[in-house]
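Trainee: The structure file data.txt (compact mmCIF, C-alpha atoms) is provided below.
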# COMPACT_ATOMS: atom_id res chain seq x y z
CA MET A 1 -23.22 3.12 1.27
CA ASP A 2 -24.76 -0.34 1.61
CA VAL A 3 -22.53 -2.89 3.28
CA THR A 4 -23.50 -6.21 1.77
CA GLU A 5 -20.68 -8.44 2.91
CA LYS A 6 -18.30 -8.98 5.80
CA ALA A 7 -14.87 -10.23 4.81
CA THR A 8 -11.59 -10.97 6.54
CA PHE A 9 -8.97 -8.46 5.40
CA TRP A 10 -5.51 -10.02 5.69
CA TYR A 11 -3.20 -7.04 5.46
CA GLY A 12 -0.01 -8.99 6.23
CA CYS A 13 3.00 -8.00 8.33
CA ASN A 14 5.23 -5.40 6.78
CA VAL A 15 2.49 -2.98 5.79
CA LEU A 16 2.23 -2.22 9.51
CA ARG A 17 4.75 0.50 8.68
CA HIS A 18 1.95 2.23 6.80
CA GLY A 19 -1.18 2.67 8.91
CA ASP A 20 -2.47 5.09 6.27
CA ILE A 21 -2.43 2.34 3.65
CA ILE A 22 -4.19 -0.19 5.91
CA ARG A 23 -6.89 2.34 6.79
CA GLY A 24 -7.19 3.43 3.17
CA CYS A 25 -7.85 -0.17 2.13
CA ILE A 26 -10.51 -0.54 4.82
CA ASP A 27 -12.21 2.67 3.63
CA LEU A 28 -12.13 1.61 -0.01
CA LEU A 29 -13.59 -1.79 0.83
CA ARG A 30 -16.40 -0.07 2.72
CA PHE A 31 -17.09 2.12 -0.31
CA VAL A 32 -17.62 -1.02 -2.39
CA GLY A 33 -19.92 -2.59 0.21
CA ILE A 34 -17.53 -4.72 2.23
CA GLU A 35 -17.01 -4.49 5.98
CA ALA A 36 -13.39 -5.49 6.49
CA VAL A 37 -12.32 -7.49 9.53
CA PRO A 38 -8.58 -6.65 9.61
CA VAL A 39 -6.07 -9.31 10.64
CA GLY A 40 -2.30 -9.31 10.30
CA GLY A 41 1.02 -8.94 12.04
CA PRO A 42 3.27 -11.69 13.39
CA ASN A 43 0.33 -13.67 14.83
CA TYR A 44 -1.11 -14.04 11.34
CA CYS A 45 2.21 -14.44 9.51
CA CYS A 46 2.09 -16.56 6.36
CA GLY A 47 5.49 -18.06 7.13
CA SER A 48 6.93 -17.33 3.69
CA ILE A 49 10.10 -16.09 5.33
CA LYS A 50 10.78 -19.52 6.83
CA ASP A 51 12.34 -21.37 3.88
CA ALA A 52 15.25 -22.35 6.10
CA ASN A 53 12.87 -23.71 8.73
CA PRO A 54 9.83 -25.28 7.05
CA VAL A 55 8.82 -26.94 10.32
CA ALA A 56 8.28 -23.48 11.81
CA GLY A 57 6.61 -22.39 8.56
CA ASP A 58 4.22 -25.33 8.86
CA GLY A 59 3.26 -24.36 12.40
CA MET A 60 2.68 -20.76 11.35
CA ALA A 61 0.55 -21.85 8.41
CA LYS A 62 -1.60 -24.11 10.59
CA ARG A 63 -2.11 -21.41 13.19
CA THR A 64 -2.93 -18.68 10.68
CA VAL A 65 -5.41 -20.83 8.72
CA GLU A 66 -7.10 -21.89 11.97
CA ARG A 67 -7.43 -18.28 13.11
CA MET A 68 -8.83 -17.21 9.77
CA ASN A 69 -11.28 -20.12 9.73
CA GLN A 70 -12.50 -18.99 13.13
CA LYS A 71 -13.52 -15.64 11.62
CA ASN A 72 -16.20 -17.55 9.67
CA ASN A 73 -16.19 -15.12 6.78
CA ARG A 74 -16.88 -16.60 3.35
CA ARG A 75 -14.23 -14.42 1.78
CA MET A 76 -10.70 -13.47 2.81
CA ILE A 77 -9.16 -10.51 1.00
CA ALA A 78 -5.37 -10.40 0.91
CA TRP A 79 -3.36 -7.21 0.57
CA CYS A 80 0.16 -8.60 0.41
CA PRO A 81 1.32 -10.54 -2.67
CA SER A 82 3.77 -12.62 -0.59
CA CYS A 83 0.98 -13.70 1.77
CA HIS A 84 -1.33 -14.38 -1.17
CA LEU A 85 1.30 -16.52 -2.91
CA GLN A 86 2.07 -18.42 0.27
CA MET A 87 -1.63 -19.10 0.92
CA HIS A 88 -2.20 -20.09 -2.70
CA ASN A 89 0.90 -22.25 -3.11
CA PHE A 90 1.32 -23.81 0.33
CA MET A 91 -0.97 -22.94 3.22
CA SER A 92 -4.26 -23.88 1.55
CA LYS A 93 -2.66 -27.05 0.21
CA GLY A 94 -1.64 -28.12 3.69
CA TYR A 95 -4.64 -26.97 5.70
CA GLU A 96 -8.31 -26.80 4.84
CA THR A 97 -9.78 -23.33 4.66
CA ASN A 98 -13.43 -22.35 5.01
CA PHE A 99 -13.02 -19.19 2.91
CA GLU A 100 -12.22 -18.17 -0.63
CA MET A 101 -9.26 -15.88 -1.12
CA ASP A 102 -9.17 -12.81 -3.35
CA PHE A 103 -6.55 -10.14 -3.75
CA LEU A 104 -7.58 -6.60 -2.81
CA VAL A 105 -6.98 -5.30 -6.35
CA GLU A 106 -9.33 -7.98 -7.70
CA VAL A 107 -12.10 -6.98 -5.31
CA LEU A 108 -11.80 -3.28 -6.06
CA PHE A 109 -11.70 -4.05 -9.76
CA GLU A 110 -14.67 -6.40 -9.60
CA ARG A 111 -16.68 -3.70 -7.80
CA ARG A 112 -15.20 -0.70 -9.58
CA GLU A 113 -18.58 0.70 -10.58
CA LEU A 114 -19.39 1.03 -6.88
CA LEU A 115 -16.04 2.73 -6.31
CA ARG A 116 -16.26 5.16 -9.22
CA PRO A 117 -18.82 7.58 -7.67
CA TRP A 118 -16.54 8.03 -4.62
CA LEU A 119 -13.60 9.20 -6.72
CA LYS A 120 -14.67 12.82 -7.03
CA VAL A 121 -11.63 14.81 -5.96
CA PRO A 122 -9.32 15.48 -8.92
CA VAL A 123 -5.72 14.36 -8.48
CA PRO A 124 -3.95 16.10 -11.35
CA LEU A 125 -0.84 14.01 -11.71
CA ARG A 126 1.10 12.41 -14.53
CA ILE A 127 2.35 9.14 -13.09
CA PHE A 128 4.80 6.36 -13.84
CA LEU A 129 3.24 3.11 -12.62
CA HIS A 130 5.94 0.83 -11.23
CA ARG A 131 5.21 -2.76 -12.27
CA HIS A 132 6.84 -6.16 -11.89
CA VAL A 133 6.53 -9.22 -14.05
CA GLY A 134 5.63 -11.58 -11.20
CA PHE A 135 2.30 -12.27 -9.48
CA ASN A 136 0.55 -10.87 -12.54
CA GLN A 137 0.12 -14.43 -13.85
CA LEU A 138 -1.97 -15.25 -10.77
CA VAL A 139 -3.89 -11.97 -10.47
CA GLY A 140 -3.98 -9.56 -13.40
CA ILE A 141 -2.79 -6.60 -11.37
CA ASN A 142 -0.80 -4.98 -14.17
CA ARG A 143 -4.05 -4.57 -16.10
CA MET A 144 -6.41 -3.88 -13.17
CA VAL A 145 -4.44 -1.24 -11.26
CA PRO A 146 -4.11 1.13 -14.26
CA GLU A 147 -7.86 0.82 -14.87
CA LEU A 148 -8.58 1.65 -11.24
CA LEU A 149 -6.23 4.62 -11.31
CA ALA A 150 -7.74 5.83 -14.58
CA MET A 151 -11.05 6.34 -12.73
CA ILE A 152 -9.42 9.16 -10.74
CA PRO A 153 -10.09 12.54 -12.35
CA GLY A 154 -6.79 14.09 -13.39
CA ILE A 155 -4.60 10.98 -13.31
CA GLU A 156 -2.60 10.25 -16.43
CA ILE A 157 -0.43 7.14 -16.63
CA VAL A 158 2.61 7.42 -18.87
CA PRO A 159 3.13 4.55 -21.33
CA ASP A 160 5.74 2.00 -20.29
CA SER A 161 6.11 -1.65 -21.21
CA TYR A 162 9.00 -2.48 -18.85
CA ARG A 163 8.30 -4.98 -16.09
CA ALA A 164 10.90 -5.39 -13.38
CA PRO A 165 12.01 -8.91 -12.38
CA SER A 166 10.37 -10.55 -9.37
CA TYR A 167 6.96 -9.52 -8.08
CA MET A 168 8.23 -6.87 -5.67
CA CYS A 169 11.31 -4.73 -5.13
CA HIS A 170 12.09 -6.17 -1.74
CA ALA A 171 13.05 -9.51 -3.33
CA LEU A 172 15.59 -7.61 -5.45
CA GLY A 173 17.36 -6.34 -2.34
CA PRO A 174 20.02 -9.09 -2.43
CA HIS A 175 20.55 -8.41 -6.15
CA PRO A 176 21.85 -4.84 -6.41
CA THR A 177 22.51 -5.04 -10.17
CA ALA A 178 18.87 -5.97 -10.80
CA MET A 179 17.72 -3.22 -8.45
CA ALA A 180 20.01 -0.71 -10.14
CA ALA A 181 18.72 -1.68 -13.60
CA MET A 182 15.13 -1.19 -12.43
CA LEU A 183 16.00 2.20 -10.90
CA ARG A 184 17.82 3.31 -14.06
CA HIS A 185 14.85 2.41 -16.23
CA SER A 186 12.36 4.06 -13.87
CA GLU A 187 14.29 7.30 -13.67
CA GLN A 188 14.92 7.44 -17.42
CA THR A 189 11.22 6.86 -18.16
CA ILE A 190 10.11 9.39 -15.59
CA HIS A 191 12.42 11.94 -17.16
CA ALA A 192 11.56 11.06 -20.78
CA THR A 193 7.79 11.15 -20.19
CA SER A 194 7.79 14.12 -17.79
CA ALA A 195 6.05 11.98 -15.18
CA GLU A 196 5.52 13.78 -11.88
CA ALA A 197 5.42 10.76 -9.60
CA LEU A 198 6.24 7.07 -9.32
CA VAL A 199 3.33 4.96 -8.08
CA THR A 200 3.78 1.50 -6.59
CA ILE A 201 1.25 -1.30 -6.32
CA TYR A 202 2.72 -3.04 -3.27
CA HIS A 203 3.89 -1.69 0.06
CA GLN A 204 7.14 -3.66 -0.34
CA CYS A 205 8.05 -1.56 -3.38
CA TYR A 206 6.81 1.59 -1.69
CA ARG A 207 9.10 0.97 1.28
CA ASP A 208 12.12 0.49 -0.97
CA LEU A 209 11.39 3.32 -3.40
CA CYS A 210 9.89 6.11 -1.30
CA GLY A 211 13.44 7.32 -0.55
CA LEU A 212 13.53 8.56 -4.16
CA GLU A 213 11.70 11.61 -2.83
CA ARG A 214 14.48 12.40 -0.40
CA GLN A 215 16.99 11.92 -3.19
CA GLY A 216 15.11 14.49 -5.27
CA VAL A 217 14.32 12.02 -8.06
CA THR A 218 10.52 12.01 -7.94
CA LYS A 219 7.48 11.98 -5.70
CA VAL A 220 6.40 8.47 -4.71
CA PHE A 221 2.93 7.16 -3.86
CA ASN A 222 1.21 3.85 -3.40
CA TYR A 223 -1.89 3.49 -5.55
CA ILE A 224 -4.05 3.33 -2.40
CA HIS A 225 -2.85 6.84 -1.49
CA LEU A 226 -4.22 8.17 -4.78
CA LEU A 227 -7.56 6.34 -4.64
CA ALA A 228 -8.06 7.49 -1.04
CA ARG A 229 -7.13 11.07 -1.90
CA SER A 230 -9.62 11.12 -4.75
CA ALA A 231 -12.27 9.80 -2.36
CA GLY A 232 -11.58 12.81 -0.12
CA ILE A 233 -9.58 10.93 2.49
CA GLU A 234 -6.36 12.60 3.62
CA ARG A 235 -4.29 10.89 6.26
CA PRO A 236 -0.73 11.67 7.25
CA ASN A 237 1.76 9.46 5.45
CA GLU A 238 4.11 9.18 8.38
CA TYR A 239 6.51 6.67 6.85
CA MET A 240 7.22 9.08 4.00
CA GLU A 241 7.56 11.99 6.43
CA TRP A 242 10.08 9.99 8.46
CA LYS A 243 11.97 8.90 5.38
CA ASN A 244 12.18 12.48 4.17
CA ALA A 245 13.23 13.68 7.62
CA GLY A 246 16.21 11.32 7.76
CA PRO A 247 18.04 11.74 11.06
CA GLU A 248 15.28 14.08 12.29
CA ALA A 249 12.68 11.29 12.12
CA GLU A 250 13.28 10.53 15.78
CA GLN A 251 11.78 13.91 16.74
CA LEU A 252 8.75 13.33 14.52
CA ILE A 253 8.06 9.92 16.04
CA GLY A 254 8.46 11.34 19.52
CA PRO A 255 9.49 9.93 22.90
CA GLU A 256 6.13 8.39 23.72
CA ARG A 257 6.03 6.14 20.70
CA ILE A 258 9.74 5.37 20.94
CA GLY A 259 9.16 4.44 24.57
CA SER A 260 6.35 2.07 23.58
CA MET A 261 8.72 0.07 21.38
CA GLY A 262 11.37 -0.30 24.09
CA GLY A 263 13.15 3.04 24.05
CA LYS A 264 15.98 4.51 22.03
CA PRO A 265 18.12 1.36 21.72
CA ALA A 266 15.17 -0.49 20.20
CA PHE A 267 14.35 2.48 17.97
CA ASP A 268 17.93 2.71 16.72
CA ARG A 269 18.12 -1.01 16.00
CA LEU A 270 14.66 -1.66 14.57
CA ILE A 271 13.59 1.55 12.88
CA LYS A 272 16.25 4.21 12.50
CA ALA A 273 18.56 2.18 10.26
CA GLU A 274 15.70 1.39 7.90
CA LEU A 275 14.55 4.99 7.71
CA LEU A 276 18.05 6.17 6.82
CA LYS A 277 18.39 3.60 4.04
CA LEU A 278 17.89 5.07 0.58
CA PRO A 279 17.71 3.56 -2.93
CA ILE A 280 21.01 2.99 -4.76
CA ARG A 281 22.35 6.42 -5.66
CA ARG A 282 22.23 7.62 -9.25
CA ASP A 283 26.03 7.71 -9.57
CA GLN A 284 26.32 4.14 -8.27
CA ARG A 285 23.82 2.52 -10.64
CA MET B 1 -9.90 -24.57 -1.45
CA SER B 2 -7.57 -27.33 -0.30
CA THR B 3 -6.66 -30.62 -1.93
CA GLU B 4 -5.70 -33.05 0.83
CA ALA B 5 -7.39 -31.67 3.92
CA ASN B 6 -4.99 -30.88 6.74
CA GLN B 7 -2.09 -32.95 5.48
CA GLY B 8 0.24 -30.19 6.65
CA LEU B 9 2.85 -28.26 4.73
CA LEU B 10 5.63 -30.81 5.09
CA ALA B 11 3.57 -33.62 3.57
CA TYR B 12 2.52 -31.32 0.75
CA ILE B 13 6.13 -30.32 0.10
CA GLU B 14 7.11 -33.99 -0.13
CA SER B 15 4.28 -34.73 -2.57
CA GLU B 16 5.35 -31.75 -4.70
CA ARG B 17 8.97 -32.88 -4.58
CA GLN B 18 8.00 -36.25 -6.05
CA ARG B 19 5.63 -34.73 -8.62
CA ILE B 20 8.38 -32.41 -9.88
CA LEU B 21 10.97 -35.18 -10.04
CA ASP B 22 8.53 -37.30 -12.04
CA ALA B 23 7.54 -34.51 -14.41
CA CYS B 24 10.74 -32.61 -15.21
CA THR B 25 12.53 -33.61 -18.41
CA GLN B 26 15.50 -31.33 -17.69
CA CYS B 27 15.03 -29.37 -20.91
CA GLY B 28 16.40 -26.20 -19.30
CA ARG B 29 13.70 -23.88 -20.65
CA CYS B 30 13.02 -22.52 -17.15
CA LEU B 31 16.55 -21.22 -16.80
CA GLU B 32 16.62 -19.91 -20.36
CA VAL B 33 13.65 -17.60 -19.67
CA CYS B 34 14.59 -16.69 -16.07
CA HIS B 35 14.43 -12.92 -15.60
CA MET B 36 17.03 -13.07 -12.86
CA ARG B 37 19.62 -14.94 -14.89
CA PRO B 38 21.40 -11.79 -16.19
CA TYR B 39 21.92 -10.71 -12.60
CA LEU B 40 23.16 -13.99 -11.12
CA PRO B 41 26.88 -14.85 -10.97
CA LEU B 42 26.56 -18.19 -12.76
CA GLU B 43 29.85 -19.86 -13.68
CA THR B 44 28.51 -22.11 -16.42
CA SER B 45 25.95 -21.80 -19.20
CA ASN B 46 24.71 -25.36 -19.56
CA GLU B 47 21.03 -25.05 -18.62
CA THR B 48 20.29 -28.75 -18.62
CA ALA B 49 23.26 -29.51 -16.36
CA ILE B 50 22.25 -26.78 -13.91
CA VAL B 51 18.64 -27.96 -13.83
CA GLY B 52 20.00 -31.49 -13.38
CA GLN B 53 21.79 -30.41 -10.23
CA VAL B 54 18.64 -28.71 -8.92
CA LEU B 55 16.88 -32.04 -9.43
CA ALA B 56 19.73 -33.85 -7.67
CA VAL B 57 19.25 -31.60 -4.65
CA LEU B 58 15.50 -32.28 -4.81
CA ALA B 59 16.13 -36.02 -5.11
CA ARG B 60 18.42 -35.89 -2.09
CA ALA B 61 21.18 -37.40 -4.17
CA PRO B 62 24.75 -36.82 -2.99
CA VAL B 63 25.98 -33.59 -4.55
CA SER B 64 29.26 -31.78 -4.26
CA PRO B 65 28.58 -28.10 -3.63
CA ASP B 66 31.97 -27.21 -5.09
CA THR B 67 31.33 -28.32 -8.67
CA PRO B 68 30.45 -25.40 -10.97
CA GLU B 69 27.05 -26.80 -12.00
CA THR B 70 26.03 -27.48 -8.40
CA LYS B 71 27.24 -24.04 -7.35
CA ASP B 72 25.16 -22.57 -10.17
CA ALA B 73 22.15 -24.66 -9.20
CA LEU B 74 22.34 -23.37 -5.62
CA THR B 75 22.95 -19.79 -6.79
CA TRP B 76 19.91 -19.99 -9.06
CA ALA B 77 17.70 -21.57 -6.39
CA GLN B 78 18.70 -18.88 -3.88
CA GLY B 79 18.46 -16.11 -6.48
CA CYS B 80 14.92 -16.96 -7.56
CA THR B 81 12.68 -13.95 -6.89
CA ALA B 82 9.44 -15.62 -8.02
CA SER B 83 8.99 -13.70 -11.25
CA GLY B 84 7.06 -16.77 -12.38
CA VAL B 85 7.87 -16.52 -16.10
CA CYS B 86 9.28 -20.06 -15.96
CA VAL B 87 5.90 -21.43 -14.91
CA ALA B 88 4.29 -20.48 -18.22
CA ALA B 89 7.40 -21.44 -20.21
CA CYS B 90 7.67 -24.98 -18.84
CA PRO B 91 6.42 -27.50 -21.40
CA GLU B 92 5.74 -30.10 -18.71
CA SER B 93 3.81 -27.97 -16.20
CA VAL B 94 6.48 -28.63 -13.61
CA ASN B 95 6.14 -25.23 -11.90
CA PRO B 96 9.86 -24.46 -11.80
CA THR B 97 9.30 -21.71 -9.21
CA MET B 98 8.06 -24.40 -6.85
CA MET B 99 10.96 -26.64 -7.91
CA LEU B 100 13.48 -23.95 -6.94
CA ARG B 101 11.69 -23.15 -3.68
CA ILE B 102 11.71 -26.77 -2.51
CA ALA B 103 15.32 -27.14 -3.66
CA ARG B 104 16.12 -24.06 -1.57
CA MET B 105 14.34 -25.47 1.50
CA THR B 106 16.23 -28.72 1.03
CA ALA B 107 19.59 -26.98 0.58
CA PHE B 108 19.07 -24.89 3.71
CA GLY B 109 18.77 -28.15 5.67
CA GLY B 110 15.38 -27.33 7.13
CA LEU B 111 13.87 -30.57 5.88
CA GLY B 112 16.47 -32.74 7.57
CA ASP B 113 18.99 -32.92 4.73
CA PRO B 114 22.69 -31.98 4.87
CA LYS B 115 23.09 -28.22 4.68
CA LEU B 116 24.34 -27.06 1.27
CA ALA B 117 23.61 -23.37 1.64
CA HIS B 118 23.13 -20.86 4.40
CA LYS B 119 20.28 -18.44 4.82
CA PRO B 120 21.00 -15.62 7.23
CA GLU B 121 18.08 -15.17 9.62
CA ASP B 122 16.90 -11.68 10.50
CA GLY B 123 16.22 -12.04 14.20
CA ASP B 124 14.70 -8.57 14.25
CA TRP B 125 12.08 -9.35 11.60
CA PHE B 126 9.10 -9.66 13.97
CA PRO B 127 10.36 -7.18 16.61
CA ARG B 128 10.70 -4.61 13.79
CA ILE B 129 7.13 -5.21 12.61
CA ARG B 130 5.82 -4.94 16.17
CA ALA B 131 7.78 -1.71 16.72
CA PHE B 132 6.32 -0.13 13.59
CA ALA B 133 2.85 -1.37 14.54
CA ARG B 134 3.15 0.49 17.84
CA THR B 135 3.73 3.71 15.91
CA GLN B 136 0.80 3.18 13.53
CA LEU B 137 -2.05 1.45 15.35
CA THR B 138 -3.89 2.41 18.50
CA GLU B 139 -3.69 0.01 21.44
CA SER B 140 -7.19 -1.28 20.75
CA GLU B 141 -6.38 -1.77 17.06
CA GLN B 142 -3.27 -3.71 18.02
CA LYS B 143 -5.45 -5.98 20.19
CA GLU B 144 -8.19 -6.45 17.61
CA TRP B 145 -6.25 -6.43 14.34
CA MET B 146 -3.09 -8.34 15.22
Go ahead and express the file in the form of structure tokens.

Mentor:
Amino acid sequence: MDVTEKATFWYGCNVLRHGDIIRGCIDLLRFVGIEAVPVGGPNYCCGSIKDANPVAGDGMAKRTVERMNQKNNRRMIAWCPSCHLQMHNFMSKGYETNFEMDFLVEVLFERRELLRPWLKVPVPLRIFLHRHVGFNQLVGINRMVPELLAMIPGIEIVPDSYRAPSYMCHALGPHPTAMAAMLRHSEQTIHATSAEALVTIYHQCYRDLCGLERQGVTKVFNYIHLLARSAGIERPNEYMEWKNAGPEAEQLIGPERIGSMGGKPAFDRLIKAELLKLPIRRDQR
Amino acid sequence: MSTEANQGLLAYIESERQRILDACTQCGRCLEVCHMRPYLPLETSNETAIVGQVLAVLARAPVSPDTPETKDALTWAQGCTASGVCVAACPESVNPTMMLRIARMTAFGGLGDPKLAHKPEDGDWFPRIRAFARTQLTESEQKEWM
């Protein structure tokens, strides 16, 4: 493949649960001619979580824009919709940037004819694409993602006009009735259309919904998983393995990695509780 | 990409606060179309009064958090999940999502105003991300990518 451009790839913070998704994005960008320079994590936080402390949010915005400017890449490609919104609505209004921002979906869509020849491996799957109403006004993801997925041999997307509130499931966390309504609709549609899997666009939704596998409702993927699989890339999806393992996840992660995060007390506090958390049960919706 | 180079977020927030206060006619359309409304425990149904209380918070006017409309205004501001449908619905290009966000920041007291609402902080937010990163990235990736 011909790499024609170097771009900063801002993957965000919370997708660090999913190394397979980050690496899948980097591979896909390379396939469309872009060498990604990945940046993310707390040192590149957008500060969108700091509504109660805008002074801290301001400092984080300044620091992150400065660091990105230092990369001297004409284009910055964002993965996370929260980061993209924060950069679009606040950070770039407060601090001058020397780059243009695009969302990853936009870049893949814009260069889809370069991506198409890589998608050779059939993925025979009838899927329910999980979509939200938000963010779509800024970037037409609800139109672009189905077109990207339709390039995969074997993928069939079931028709569905429902759009969940918000732009991601994680924002619905404090609103269990909204989350339950979304889950009810998703499960009913999956059943009615004989879909074999639910596919998310964002990692935030993937994190909140992948427990549906453990509950026996449906298989769950992120769209990057399917594009990567069709391009012949198979990486372990550890987060899903841990989620499915429940209390046994600790053995899968292993003592070395648990030691690196501060040992069992840190593991129990930071990771175990999240892995044991599942979507609202069918009988409680 | 930026408008006023390096003015900082706080100055931008203040300029947006004033722009919104100048532009909003309190028609209530933003709340009418809100996708979260069916899921929020609002006590009243008077859209214009609720929007009026959001504007009062934005204007830093004295508000009583115990009145039903003010309670609803704070519930709505905190319940906003950025669906963004209000942005297109607003006849005055106010950007009600931004209106609610700045009202929320104001109500949380982070901009120096009296605290009207509380946002619980997750002190483990960044430690959790770092812990997951240690399971997913190599040491050199952690150095280069984070």

Trainee: With all atoms listed in the file considered, list every residue of chain A at most 6 Å from chain B, as JSON, numbers by chain.

Mentor: {"A": [16, 17, 19, 38, 39, 40, 41, 51, 52, 53, 54, 58, 92, 93, 94, 95, 96, 133, 134, 165, 166, 167, 171, 178, 257, 261, 270]}

Trainee: Nearest to Gly211 (chain A): which of A:Ile190, A:Met240, A:Cys83, A:Leu227 is it, counting only C-alpha atoms?

Mentor: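 Once distances to Gly211 (chain A) are computed over only C-alpha atoms, the minimum belongs to A:Met240.
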
Trainee: Rounded to one decimal, what separation in Å do you get between CA of Leu31 (chain B) and CA of Glu47 (chain B)?

Mentor: 6.2 Å

Trainee: Just the number, please: distance in Å from CA of Leu149 (chain A) to CA of Leu212 (chain A), one decimal.

Mentor: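 Computing the Euclidean distance for CA of Leu149 (chain A) and CA of Leu212 (chain A) yields 21.4 Å.
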
Trainee: Find the residue from B:Ala61, B:Ala89, B:Val94, B:Val51 that sits nearest to Ala73 (chain B); use only C-alpha atoms when measuring.

Mentor: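 Distance minimum relative to Ala73 (chain B) lands on B:Val51.
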
Trainee: Considering only C-alpha atoms, return as a PDB file with C-alpha atoms, keeping the file's coordinate frame whatever protein or nucleic-acid residues lie within 12 Å of Ile233 (chain A), sequence-local ones (same chain, fewer than 5 positions apart) excluded.

Mentor:
ATOM      1  CA  ASP A  20      -2.470   5.090   6.270  1.00  0.00           C
ATOM      2  CA  ILE A  21      -2.430   2.340   3.650  1.00  0.00           C
ATOM      3  CA  ARG A  23      -6.890   2.340   6.790  1.00  0.00           C
ATOM      4  CA  GLY A  24      -7.190   3.430   3.170  1.00  0.00           C
ATOM      5  CA  CYS A  25      -7.850  -0.170   2.130  1.00  0.00           C
ATOM      6  CA  ILE A  26     -10.510  -0.540   4.820  1.00  0.00           C
ATOM      7  CA  ASP A  27     -12.210   2.670   3.630  1.00  0.00           C
ATOM      8  CA  LEU A  28     -12.130   1.610  -0.010  1.00  0.00           C
ATOM      9  CA  PHE A  31     -17.090   2.120  -0.310  1.00  0.00           C
ATOM     10  CA  TRP A 118     -16.540   8.030  -4.620  1.00  0.00           C
ATOM     11  CA  LEU A 119     -13.600   9.200  -6.720  1.00  0.00           C
ATOM     12  CA  LYS A 120     -14.670  12.820  -7.030  1.00  0.00           C
ATOM     13  CA  VAL A 121     -11.630  14.810  -5.960  1.00  0.00           C
ATOM     14  CA  ILE A 224      -4.050   3.330  -2.400  1.00  0.00           C
ATOM     15  CA  HIS A 225      -2.850   6.840  -1.490  1.00  0.00           C
ATOM     16  CA  LEU A 226      -4.220   8.170  -4.780  1.00  0.00           C
ATOM     17  CA  LEU A 227      -7.560   6.340  -4.640  1.00  0.00           C
ATOM     18  CA  ALA A 228      -8.060   7.490  -1.040  1.00  0.00           C
TER      19      ALA A 228
END

Trainee: Would you mind reading off the distance between CA of Gly47 (chain A) and CA of Met60 (chain A), one decimal, in Å?

Mentor: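 It comes out at 5.7 Å.
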
Trainee: Tell me which protein, DNA and RNA residues are within 8 Å of Glu43 (chain B), counting all atoms listed in the file, leaving out same-chain ones fewer than 3 positions away, and put them as a VMD selection string.

Mentor: chain B and resid 68 to 69 72

Trainee: Out of B:Arg29, B:Glu14, B:Val63, B:Glu139, which residue has the shortest atom-to-atom distance to Asn95 (chain B) when counting all atoms listed in the file?

Mentor: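 When distances to Asn95 (chain B) are compared using all atoms listed in the file, the smallest one comes from B:Arg29.
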
Trainee: Taking all atoms listed in the file into account, name the residue in A:Arg235, A:Lys272, A:His191, A:Arg131 that is nearest to Ile253 (chain A).

Mentor: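 Among A:Arg235, A:Lys272, A:His191, A:Arg131, it is A:Lys272 that comes nearest to Ile253 (chain A).
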
Trainee: Can you work out which one of A:Asn73, A:Thr8, A:Thr193, A:Thr64 has the shortest atom-to-atom distance to Gln86 (chain A), counting all atoms listed in the file?

Mentor: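 Closest to Gln86 (chain A) of all the choices is A:Thr64.
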
Trainee: What's the 8 Å shell around Thr70 (chain B), counting all atoms listed in the file, without same-chain residues fewer than 4 positions away, as a list in words?

Mentor: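 Here the answer would be Ile50, Gln53, Val54, Val63, Ser64, Pro65, Asp66 and Leu74 of chain B.
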